[in-house]
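For reference, the structure discussed in these notes is given below.
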Amino acid sequence: MPADTASADTLFRRITDYANRADPYPLYAELREHKVARQEDGKYLVGTYDEIAALLHDPRVSSDLRNRAEPDPSIAPPEGLPPSFIGRDDPEHDRLRRLTMRPFGPPHSPGRIDALRGDISRIAGQLADGLRGRSSFDLVDDFAFPLPVTVICDLLGVPSEDIPQVHTWADTVVSGLDFTPGEDPEARRHAAYEARSAMGRYLGELAEKRRRGPTGDMLSALANEDGPEGALTQQELMVTTVLLLIAGHETTVNLITNGMLTLLRNPEALERLRAEPELMPRAVEELLRYEPPVQFLPQRTPLADIEVAGVTIPKGAPLVLVLASGSRDPLRFPDPDRFDPGRRDNQHFGFGSGIHNCFGAPLARLETQIALTTLINLLDGPRLLKDPPEYRNSPVLRGPRHLLLGQG
């Protein structure tokens with residue numbers, strides 16, 4: 001390997017190279033040796049647990065790309081389209097997040113997620129029943145995608161007949177997170193912008209219908225909410241519901257698929273969970289550490305010069321927090337490259353941390369616990385037909401595009 005290929009300033013290029021999608025973890029170990037690695041294009045990568053944790057809680061670190069010294073065309077939002085609350089800083093982030101949380105979870109709607117347990121179990125059971133007797137199937141297309149997308153569409157109030165169009169839009173938006181080295185991102189960005197705009201218009205029109213006739217779903221609540229802090233504007237409602245619809249299933253698809261792949265690679269863990277079903281919540285936390293659906297956060301920016309592990313990261317520089325690397329830091333987790341479904345003290349970065357901790361984490365946890373329990377109990381001797389599987393292009397939302405399984 002040429003010396004420049006293996007240098008620290010090419011780590012991001014190598015991490016995002018599709019050739020390393022199946023196993024980026026050796027590159028993360030290399031990153032942790034440096035703690036902070038400045039890249040050839042000016043990015044700063046951080047890969048150690050303590051440093052990532054500190055930065056996720058540091059008010060000097062912004063999530064708003066408008067604070068970059070120079071725009072990054074690979075991830076910059078299109079002109080005229082405002083960022084969602086995950087791309088804003090307080091106080092706007094806090095206001096939008098609290099308004100969105102009111103109809104989603106505690107304290108205003110404490111039972112909404114728990115009330116979905118029966119529906120999620122029913123849908124998972126129906127999907128798994130459809131796999132019975134089949135000698136082979138694709139876990140992604142036949143189970144891991146239909147489950148969370150059906151749940152989030154039901155939660156928001158999106159009609160089932162519109163789910164295929166939602167899938168198409170979501171795939172296009174997520175493709176905008178691809179960082180294929182040497183490829184001009186403009187075409188992907190434009191397609192992602194068009195898809196996000198189309199989804200926003202669709203959800204805005206659906207919200208207008210819910211204003212005229214509320215149906216008890218979350219979109220009805222968001223459209224008609226007028227609490228002490230006021231209500232979301234129409235544009236805020238459109239941007240927020242696009243975020244909820246995409247984030248509400250894309251990451252969970254990866255978590256379920258990565259989870260089943262991990263269990264089939266570790267059959268002793270699968271048998272343990274079959275014998276001890278009460279261990280599943282802890283196993284899902286370990287999956288979030290070991291094979292997280294979100295690998296890194298590419299959109300952080302220092303608002304001032306910040307010293308991290310002896311390196312000064314200048315104000316306005318692109319800062320990339322490699323969460324998946326931090327969650328395998330041996331200084332924080334004993335034997336980090338081993339999947340241990342009974343692991344304790346598991347404060348991983350699978351859902352981030354700090355004020356931007358994943359909004360939908362309770363739903364993703366519940367869906368994955370039910371999904372994996374259903375699969376290991378109802379499938380007949382499942383086995384991998386292709387390992388490693390074909391992965392999706394995105395290095396940010398990393399997971400198999402297809403997971404071909406056999407049984408019987």
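Here, A, B, ... name the chains of the structure tokens in the order displayed, residue numbers run from 1 inside each chain, and ligands are numbered from 1 in the same displayed order.
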
(message) Give me, as a VMD selection string, all polymer residues having an atom no more than 10 Å from region 34-50 of chain A, counting only C-alpha atoms and skipping those fewer than 2 positions away in the same chain.
(response) chain A and resid 7 to 13 28 to 32 52 to 55 296 to 298 300 to 301 308 to 314 317 to 333 348 to 349

List every residue of region 313-407 of chain A that has an atom at most 8 Å from any atom of region 248-269 of chain A, and for each one report the closest atom pair and its distance in Å to one decimal, counting only C-alpha atoms, with rows sorted by chain and then by increasing residue number, as JSON lines.
{"residue": "A:Phe339", "atom": "CA", "partner": "A:Asn266", "partner_atom": "CA", "distance": 7.9}
{"residue": "A:Asp340", "atom": "CA", "partner": "A:Ala269", "partner_atom": "CA", "distance": 7.6}
{"residue": "A:Pro341", "atom": "CA", "partner": "A:Ala269", "partner_atom": "CA", "distance": 6.7}
{"residue": "A:Gly360", "atom": "CA", "partner": "A:Gly248", "partner_atom": "CA", "distance": 6.6}
{"residue": "A:Ala364", "atom": "CA", "partner": "A:Thr252", "partner_atom": "CA", "distance": 5.7}
{"residue": "A:Glu367", "atom": "CA", "partner": "A:Thr252", "partner_atom": "CA", "distance": 7.7}
{"residue": "A:Thr368", "atom": "CA", "partner": "A:Ile256", "partner_atom": "CA", "distance": 5.6}
{"residue": "A:Ala371", "atom": "CA", "partner": "A:Ile256", "partner_atom": "CA", "distance": 7.0}
{"residue": "A:Leu372", "atom": "CA", "partner": "A:Met260", "partner_atom": "CA", "distance": 6.9}
{"residue": "A:Pro382", "atom": "CA", "partner": "A:Leu264", "partner_atom": "CA", "distance": 7.7}
{"residue": "A:Arg383", "atom": "CA", "partner": "A:Leu264", "partner_atom": "CA", "distance": 6.5}
{"residue": "A:Leu384", "atom": "CA", "partner": "A:Leu264", "partner_atom": "CA", "distance": 7.0}
{"residue": "A:Leu397", "atom": "CA", "partner": "A:Thr251", "partner_atom": "CA", "distance": 6.7}
{"residue": "A:Arg398", "atom": "CA", "partner": "A:Asn254", "partner_atom": "CA", "distance": 6.8}
{"residue": "A:Gly399", "atom": "CA", "partner": "A:Asn254", "partner_atom": "CA", "distance": 4.8}
{"residue": "A:Pro400", "atom": "CA", "partner": "A:Thr257", "partner_atom": "CA", "distance": 6.8}
{"residue": "A:Leu403", "atom": "CA", "partner": "A:Thr257", "partner_atom": "CA", "distance": 7.3}

Export, as a short mmCIF file (atom, residue, chain, number, x, y, z; two decimals), in the first residue's frame, the selected residues with all heavy atoms.
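Done, and the output landed in again_30.cif:
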data_model
loop_
_atom_site.label_atom_id
_atom_site.label_comp_id
_atom_site.auth_asym_id
_atom_site.auth_seq_id
_atom_site.Cartn_x
_atom_site.Cartn_y
_atom_site.Cartn_z
N PHE A 339 -19.01 -9.02 20.59
CA PHE A 339 -20.43 -8.79 20.81
C PHE A 339 -20.86 -9.56 22.06
O PHE A 339 -20.77 -10.78 22.11
CB PHE A 339 -21.26 -9.25 19.61
CG PHE A 339 -22.74 -9.15 19.84
CD1 PHE A 339 -23.37 -7.92 19.91
CD2 PHE A 339 -23.51 -10.30 20.00
CE1 PHE A 339 -24.73 -7.83 20.14
CE2 PHE A 339 -24.87 -10.22 20.22
CZ PHE A 339 -25.48 -8.98 20.29
N ASP A 340 -21.32 -8.83 23.06
CA ASP A 340 -21.71 -9.43 24.34
C ASP A 340 -23.13 -8.98 24.67
O ASP A 340 -23.34 -7.86 25.14
CB ASP A 340 -20.75 -8.98 25.44
CG ASP A 340 -21.16 -9.50 26.83
OD1 ASP A 340 -22.11 -10.32 26.91
OD2 ASP A 340 -20.53 -9.08 27.82
N PRO A 341 -24.13 -9.83 24.43
CA PRO A 341 -25.53 -9.42 24.66
C PRO A 341 -25.85 -9.11 26.12
O PRO A 341 -26.88 -8.49 26.39
CB PRO A 341 -26.34 -10.61 24.15
CG PRO A 341 -25.41 -11.77 24.24
CD PRO A 341 -24.05 -11.23 23.96
N GLY A 360 -36.08 9.79 18.29
CA GLY A 360 -36.91 8.59 18.16
C GLY A 360 -36.36 7.36 18.82
O GLY A 360 -36.84 6.24 18.55
N ALA A 364 -37.32 3.25 18.26
CA ALA A 364 -36.36 2.35 17.61
C ALA A 364 -36.00 1.18 18.52
O ALA A 364 -35.88 0.04 18.05
CB ALA A 364 -35.11 3.13 17.23
N GLU A 367 -39.08 -1.24 18.58
CA GLU A 367 -39.24 -1.96 17.33
C GLU A 367 -38.18 -3.05 17.17
O GLU A 367 -38.49 -4.17 16.74
CB GLU A 367 -39.14 -0.98 16.15
CG GLU A 367 -40.36 -0.09 16.00
CD GLU A 367 -40.18 0.91 14.87
OE1 GLU A 367 -39.12 1.58 14.82
OE2 GLU A 367 -41.09 1.03 14.05
N THR A 368 -36.94 -2.72 17.52
CA THR A 368 -35.86 -3.69 17.33
C THR A 368 -35.96 -4.84 18.30
O THR A 368 -35.72 -6.01 17.93
CB THR A 368 -34.49 -2.98 17.45
OG1 THR A 368 -34.46 -1.87 16.54
CG2 THR A 368 -33.36 -3.93 17.11
N ALA A 371 -38.76 -6.95 16.90
CA ALA A 371 -38.38 -7.55 15.61
C ALA A 371 -37.44 -8.73 15.80
O ALA A 371 -37.66 -9.81 15.24
CB ALA A 371 -37.73 -6.49 14.73
N LEU A 372 -36.38 -8.54 16.57
CA LEU A 372 -35.39 -9.61 16.73
C LEU A 372 -35.95 -10.78 17.53
O LEU A 372 -35.68 -11.94 17.22
CB LEU A 372 -34.13 -9.06 17.39
CG LEU A 372 -33.34 -8.04 16.55
CD1 LEU A 372 -32.13 -7.53 17.32
CD2 LEU A 372 -32.91 -8.64 15.21
N PRO A 382 -32.43 -20.14 10.72
CA PRO A 382 -31.94 -19.17 9.74
C PRO A 382 -30.43 -19.23 9.58
O PRO A 382 -29.70 -19.49 10.53
CB PRO A 382 -32.39 -17.83 10.33
CG PRO A 382 -32.49 -18.07 11.80
CD PRO A 382 -32.97 -19.49 11.93
N ARG A 383 -29.96 -18.95 8.36
CA ARG A 383 -28.52 -18.95 8.11
C ARG A 383 -28.22 -17.92 7.02
O ARG A 383 -29.07 -17.61 6.17
CB ARG A 383 -28.04 -20.33 7.67
CG ARG A 383 -28.62 -20.81 6.35
CD ARG A 383 -28.24 -22.24 6.03
NE ARG A 383 -28.74 -22.65 4.71
CZ ARG A 383 -29.98 -23.03 4.46
NH1 ARG A 383 -30.87 -23.08 5.44
NH2 ARG A 383 -30.33 -23.37 3.23
N LEU A 384 -27.01 -17.39 7.05
CA LEU A 384 -26.59 -16.41 6.06
C LEU A 384 -26.28 -17.11 4.75
O LEU A 384 -25.58 -18.13 4.72
CB LEU A 384 -25.34 -15.68 6.55
CG LEU A 384 -25.51 -14.78 7.79
CD1 LEU A 384 -24.16 -14.34 8.30
CD2 LEU A 384 -26.36 -13.57 7.44
N LEU A 397 -25.33 6.28 7.32
CA LEU A 397 -26.38 5.34 7.73
C LEU A 397 -25.98 3.97 7.17
O LEU A 397 -26.44 3.55 6.11
CB LEU A 397 -27.73 5.78 7.20
CG LEU A 397 -28.21 7.16 7.66
CD1 LEU A 397 -29.56 7.50 7.05
CD2 LEU A 397 -28.30 7.21 9.18
N ARG A 398 -25.10 3.28 7.89
CA ARG A 398 -24.48 2.07 7.36
C ARG A 398 -25.31 0.83 7.70
O ARG A 398 -25.67 0.61 8.86
CB ARG A 398 -23.07 1.91 7.95
CG ARG A 398 -22.38 0.59 7.57
CD ARG A 398 -21.01 0.49 8.21
NE ARG A 398 -20.50 -0.87 8.09
CZ ARG A 398 -20.74 -1.83 8.97
NH1 ARG A 398 -21.49 -1.59 10.04
NH2 ARG A 398 -20.24 -3.04 8.78
N GLY A 399 -25.61 0.04 6.68
CA GLY A 399 -26.33 -1.21 6.89
C GLY A 399 -26.44 -1.96 5.58
O GLY A 399 -26.28 -1.38 4.50
N PRO A 400 -26.74 -3.26 5.63
CA PRO A 400 -26.90 -4.03 4.40
C PRO A 400 -28.06 -3.53 3.56
O PRO A 400 -29.14 -3.24 4.09
CB PRO A 400 -27.16 -5.45 4.91
CG PRO A 400 -26.54 -5.48 6.27
CD PRO A 400 -26.77 -4.12 6.83
N LEU A 403 -29.96 -8.57 2.78
CA LEU A 403 -29.42 -9.61 3.67
C LEU A 403 -30.13 -10.91 3.31
O LEU A 403 -31.26 -11.14 3.74
CB LEU A 403 -29.62 -9.26 5.15
CG LEU A 403 -28.93 -10.21 6.13
CD1 LEU A 403 -27.41 -10.15 5.96
CD2 LEU A 403 -29.30 -9.88 7.58
#

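With only C-alpha atoms as the atoms that count, the minimum distance from Ala115 (chain A) to the choices A:Glu194, A:Leu366, A:Gly133, A:Glu291 is reached by A:Leu366.
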
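Distances from A:Ile152, A:Ala221, A:Ala231, A:Val284 to Gly342 (chain A) were compared using only C-alpha atoms, and the smallest one belongs to A:Val284.
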
(request) Could you give me, as an MDAnalysis selection string, the residues within 12 Å of Gly316 (chain A), counting only C-alpha atoms and dropping anything in the same chain fewer than 5 positions from it? (result) chainID A and resid 42:44 60:72 299:306

Write the residues of the selection above to a file with C-alpha atoms, as a short mmCIF file (atom, residue, chain, number, x, y, z; two decimals), in the first residue's frame.
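Output file result.cif follows:
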data_model
loop_
_atom_site.label_atom_id
_atom_site.label_comp_id
_atom_site.auth_asym_id
_atom_site.auth_seq_id
_atom_site.Cartn_x
_atom_site.Cartn_y
_atom_site.Cartn_z
CA GLY A 42 -9.46 20.33 6.13
CA LYS A 43 -11.87 18.11 8.05
CA TYR A 44 -11.04 17.07 11.61
CA ARG A 60 -19.10 25.69 21.52
CA VAL A 61 -19.84 22.96 18.96
CA SER A 62 -22.60 23.80 16.48
CA SER A 63 -24.89 21.49 14.51
CA ASP A 64 -25.81 24.30 12.11
CA LEU A 65 -23.84 24.08 8.85
CA ARG A 66 -24.33 27.78 8.31
CA ASN A 67 -21.54 28.27 10.85
CA ARG A 68 -18.95 26.65 8.58
CA ALA A 69 -16.15 28.94 7.48
CA GLU A 70 -16.56 27.49 4.00
CA PRO A 71 -19.67 25.65 2.75
CA ASP A 72 -19.28 21.89 2.30
CA GLN A 299 -22.05 18.20 10.30
CA ARG A 300 -20.48 19.59 13.50
CA THR A 301 -18.64 22.93 13.53
CA PRO A 302 -16.68 24.69 16.31
CA LEU A 303 -17.94 28.18 17.14
CA ALA A 304 -14.49 29.02 18.57
CA ASP A 305 -11.03 27.51 18.46
CA ILE A 306 -11.24 24.30 20.53
#

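Interatomic distance, CA of Arg212 (chain A) to CA of Met238 (chain A): 16.9 Å.
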
(request) Run DSSP on the backbone and give me the residues of region 49-268 of chain A it puts in strand (DSSP E or B), as a list in words. (result) Val61, Ser62, Ser136, Phe137, Asp138, Gly227 and Gly230 of chain A

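The gap separating CA of Ala195 (chain A) from CA of Trp169 (chain A) is 5.1 Å, in Å to one decimal.
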
(request) From region 233-388 of chain A, collect each residue whose DSSP state is helix (DSSP H, G or I) and return the set as a PyMOL selection string. (result) chain A and resi 234-265+267-275+277-290+323-326+354-356+361-378

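The closest residue to Glu271 (chain A), picked from A:Asp114, A:Ser121, A:Ile376, A:Ala187 and counting only C-alpha atoms, is A:Ile376.
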
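You will find CA of Glu278 (chain A) at 25.2 Å from CA of Val140 (chain A).
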
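In this comparison, which uses only C-alpha atoms, the residue of A:Gly125, A:Pro110, A:Gly200, A:Gly157 approaching Val173 (chain A) most closely is A:Gly200.
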
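When only C-alpha atoms are used to measure the gap to Val166 (chain A), the shortest distance among A:Gly216, A:Gly130, A:Pro146, A:Pro91 belongs to A:Pro146.
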
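Ranking A:Leu177, A:Leu244, A:Val149, A:Leu127 by their shortest atom-to-atom distance to Leu203 (chain A), with only C-alpha atoms included, puts A:Leu244 first.
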
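For Phe351 (chain A), the non-local neighbours within 9 Å, defined as residues at least 4 positions apart in the same chain or in other chains and counting only C-alpha atoms, are Leu288, Pro292, Pro293, Val294, His356, Asn357, Cys358, Phe359, Gly360 and Ala361 of chain A.
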
Atoms kept (C-alpha atoms) for selection, written as an mmCIF file, in the first residue's frame:
data_model
loop_
_atom_site.group_PDB
_atom_site.id
_atom_site.type_symbol
_atom_site.label_atom_id
_atom_site.label_comp_id
_atom_site.auth_asym_id
_atom_site.auth_seq_id
_atom_site.Cartn_x
_atom_site.Cartn_y
_atom_site.Cartn_z
ATOM 1 C CA LEU A 288 -26.253 -0.069 19.179
ATOM 2 C CA PRO A 292 -24.678 1.184 15.166
ATOM 3 C CA PRO A 293 -26.939 2.349 12.332
ATOM 4 C CA VAL A 294 -25.412 5.857 12.450
ATOM 5 C CA HIS A 356 -29.177 16.150 20.001
ATOM 6 C CA ASN A 357 -29.648 12.668 21.450
ATOM 7 C CA CYS A 358 -31.876 10.745 19.012
ATOM 8 C CA PHE A 359 -35.480 11.961 19.208
ATOM 9 C CA GLY A 360 -36.911 8.592 18.157
ATOM 10 C CA ALA A 361 -34.729 6.351 20.338
#

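For Leu379 (chain A), the residues within 9 Å (counting only C-alpha atoms, excluding itself and residues fewer than 3 positions away along the chain) are A:Ala128, A:Asp129, A:Leu131, A:Arg132, A:Thr374, A:Leu375, A:Ile376, A:Pro382, A:Gln407, A:Gly408.
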
(request) Determine, counting only C-alpha atoms, which protein, DNA and RNA residues have an atom within 9 Å of an atom of Thr150 (chain A); residues of the same chain fewer than 2 positions away are not included. Present the result as an NGL selection string. (result) :A and (123 or 145-148 or 152-155 or 160 or 163 or 249)

Saved selection, atoms kept: C-alpha atoms, as a PDB file, in the first residue's frame:
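out.pdb, freshly written:
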ATOM      1  CA  ILE A 123     -46.977  -6.425  12.131  1.00  0.00           C
ATOM      2  CA  PHE A 145     -37.938  -2.290   5.875  1.00  0.00           C
ATOM      3  CA  PRO A 146     -41.704  -3.016   5.945  1.00  0.00           C
ATOM      4  CA  LEU A 147     -41.880  -3.127   9.750  1.00  0.00           C
ATOM      5  CA  PRO A 148     -40.577   0.336  10.743  1.00  0.00           C
ATOM      6  CA  ILE A 152     -43.909   5.365  11.352  1.00  0.00           C
ATOM      7  CA  CYS A 153     -46.458   5.919   8.582  1.00  0.00           C
ATOM      8  CA  ASP A 154     -49.242   4.700  10.884  1.00  0.00           C
ATOM      9  CA  LEU A 155     -47.929   6.917  13.677  1.00  0.00           C
ATOM     10  CA  SER A 160     -50.540   2.812   3.378  1.00  0.00           C
ATOM     11  CA  ILE A 163     -45.694   4.059   1.382  1.00  0.00           C
ATOM     12  CA  HIS A 249     -37.537   4.169   9.674  1.00  0.00           C
TER      13      HIS A 249
END

(message) At a cut-off of 12 Å, using only C-alpha atoms, what residues contact Arg97 (chain A)? Leave out same-chain residues fewer than 4 positions from it and give the result as a PyMOL selection string.
(response) chain A and resi 84-93+101-105+222+229+231-232+236-237+240-241+243-244+355-360

Could those selected residues go to a file with N, CA, C and O atoms, as a short mmCIF file (atom, residue, chain, number, x, y, z; two decimals), in the first residue's frame?
data_model
loop_
_atom_site.label_atom_id
_atom_site.label_comp_id
_atom_site.auth_asym_id
_atom_site.auth_seq_id
_atom_site.Cartn_x
_atom_site.Cartn_y
_atom_site.Cartn_z
N SER A 84 -33.75 21.15 9.51
CA SER A 84 -34.64 20.64 10.55
C SER A 84 -34.01 20.92 11.91
O SER A 84 -32.89 21.44 11.99
N PHE A 85 -34.69 20.54 12.98
CA PHE A 85 -34.16 20.89 14.30
C PHE A 85 -32.84 20.19 14.62
O PHE A 85 -32.05 20.68 15.42
N ILE A 86 -32.55 19.05 13.96
CA ILE A 86 -31.25 18.42 14.23
C ILE A 86 -30.11 19.20 13.61
O ILE A 86 -28.95 18.97 13.95
N GLY A 87 -30.42 20.13 12.71
CA GLY A 87 -29.40 20.96 12.11
C GLY A 87 -29.44 22.39 12.61
O GLY A 87 -28.95 23.31 11.94
N ARG A 88 -29.99 22.57 13.81
CA ARG A 88 -30.04 23.90 14.42
C ARG A 88 -29.47 23.84 15.83
O ARG A 88 -29.38 22.79 16.44
N ASP A 89 -29.11 25.00 16.34
CA ASP A 89 -28.60 25.12 17.70
C ASP A 89 -29.67 25.74 18.58
O ASP A 89 -30.66 26.30 18.09
N ASP A 90 -29.48 25.62 19.90
CA ASP A 90 -30.38 26.31 20.82
C ASP A 90 -30.24 27.82 20.65
O ASP A 90 -29.16 28.32 20.31
N PRO A 91 -31.31 28.58 20.86
CA PRO A 91 -32.60 28.16 21.40
C PRO A 91 -33.59 27.61 20.37
O PRO A 91 -34.59 27.03 20.73
N GLU A 92 -33.33 27.80 19.05
CA GLU A 92 -34.28 27.33 18.04
C GLU A 92 -34.42 25.81 18.06
O GLU A 92 -35.52 25.28 17.93
N HIS A 93 -33.29 25.11 18.23
CA HIS A 93 -33.35 23.65 18.31
C HIS A 93 -34.25 23.22 19.44
O HIS A 93 -35.12 22.36 19.28
N MET A 101 -41.94 17.12 20.32
CA MET A 101 -42.02 16.06 21.33
C MET A 101 -43.39 16.01 22.00
O MET A 101 -43.82 14.93 22.47
N ARG A 102 -44.11 17.12 22.03
CA ARG A 102 -45.39 17.15 22.76
C ARG A 102 -46.33 16.02 22.36
O ARG A 102 -46.88 15.33 23.23
N PRO A 103 -46.55 15.77 21.06
CA PRO A 103 -47.46 14.67 20.71
C PRO A 103 -46.76 13.31 20.59
O PRO A 103 -47.40 12.32 20.22
N PHE A 104 -45.45 13.25 20.88
CA PHE A 104 -44.70 12.02 20.66
C PHE A 104 -44.39 11.26 21.95
O PHE A 104 -44.40 10.03 21.98
N GLY A 105 -44.08 12.00 23.00
CA GLY A 105 -43.65 11.30 24.21
C GLY A 105 -43.87 12.10 25.47
O GLY A 105 -44.55 13.14 25.45
N LEU A 222 -49.62 17.58 15.50
CA LEU A 222 -48.66 18.63 15.14
C LEU A 222 -49.35 19.76 14.39
O LEU A 222 -49.04 20.94 14.59
N GLU A 229 -46.25 27.72 23.73
CA GLU A 229 -45.16 28.23 22.90
C GLU A 229 -45.60 28.47 21.47
O GLU A 229 -44.79 28.70 20.58
N ALA A 231 -47.29 27.37 17.81
CA ALA A 231 -47.35 26.19 16.96
C ALA A 231 -46.22 26.25 15.94
O ALA A 231 -45.61 27.30 15.71
N LEU A 232 -45.95 25.12 15.32
CA LEU A 232 -45.00 25.09 14.21
C LEU A 232 -45.59 25.88 13.04
O LEU A 232 -46.78 25.78 12.75
N GLU A 236 -42.01 24.91 9.02
CA GLU A 236 -41.40 24.11 10.09
C GLU A 236 -42.06 22.74 10.19
O GLU A 236 -41.39 21.72 10.41
N LEU A 237 -43.37 22.71 10.03
CA LEU A 237 -44.11 21.45 10.08
C LEU A 237 -43.67 20.53 8.94
O LEU A 237 -43.44 19.33 9.15
N THR A 240 -40.03 19.33 9.61
CA THR A 240 -39.97 18.43 10.77
C THR A 240 -40.57 17.06 10.45
O THR A 240 -40.01 16.03 10.82
N THR A 241 -41.71 17.04 9.76
CA THR A 241 -42.33 15.75 9.46
C THR A 241 -41.52 14.95 8.43
O THR A 241 -41.51 13.72 8.48
N LEU A 243 -38.26 14.97 8.40
CA LEU A 243 -37.24 14.38 9.28
C LEU A 243 -37.78 13.18 10.02
O LEU A 243 -37.16 12.11 10.05
N LEU A 244 -38.97 13.31 10.62
CA LEU A 244 -39.53 12.21 11.40
C LEU A 244 -39.80 11.00 10.53
O LEU A 244 -39.57 9.85 10.94
N ILE A 355 -27.73 17.31 23.75
CA ILE A 355 -29.03 17.89 23.40
C ILE A 355 -29.59 17.31 22.10
O ILE A 355 -30.79 17.38 21.85
N HIS A 356 -28.72 16.73 21.26
CA HIS A 356 -29.18 16.15 20.00
C HIS A 356 -29.32 14.63 20.08
O HIS A 356 -29.38 13.96 19.05
N ASN A 357 -29.40 14.10 21.30
CA ASN A 357 -29.65 12.67 21.45
C ASN A 357 -30.89 12.29 20.64
O ASN A 357 -31.88 13.02 20.61
N CYS A 358 -30.85 11.12 19.98
CA CYS A 358 -31.88 10.75 19.01
C CYS A 358 -33.30 10.90 19.55
O CYS A 358 -33.67 10.29 20.56
N PHE A 359 -34.09 11.68 18.86
CA PHE A 359 -35.48 11.96 19.21
C PHE A 359 -36.31 10.68 19.25
O PHE A 359 -37.15 10.48 20.12
N GLY A 360 -36.08 9.79 18.29
CA GLY A 360 -36.91 8.59 18.16
C GLY A 360 -36.36 7.36 18.82
O GLY A 360 -36.84 6.24 18.55
#
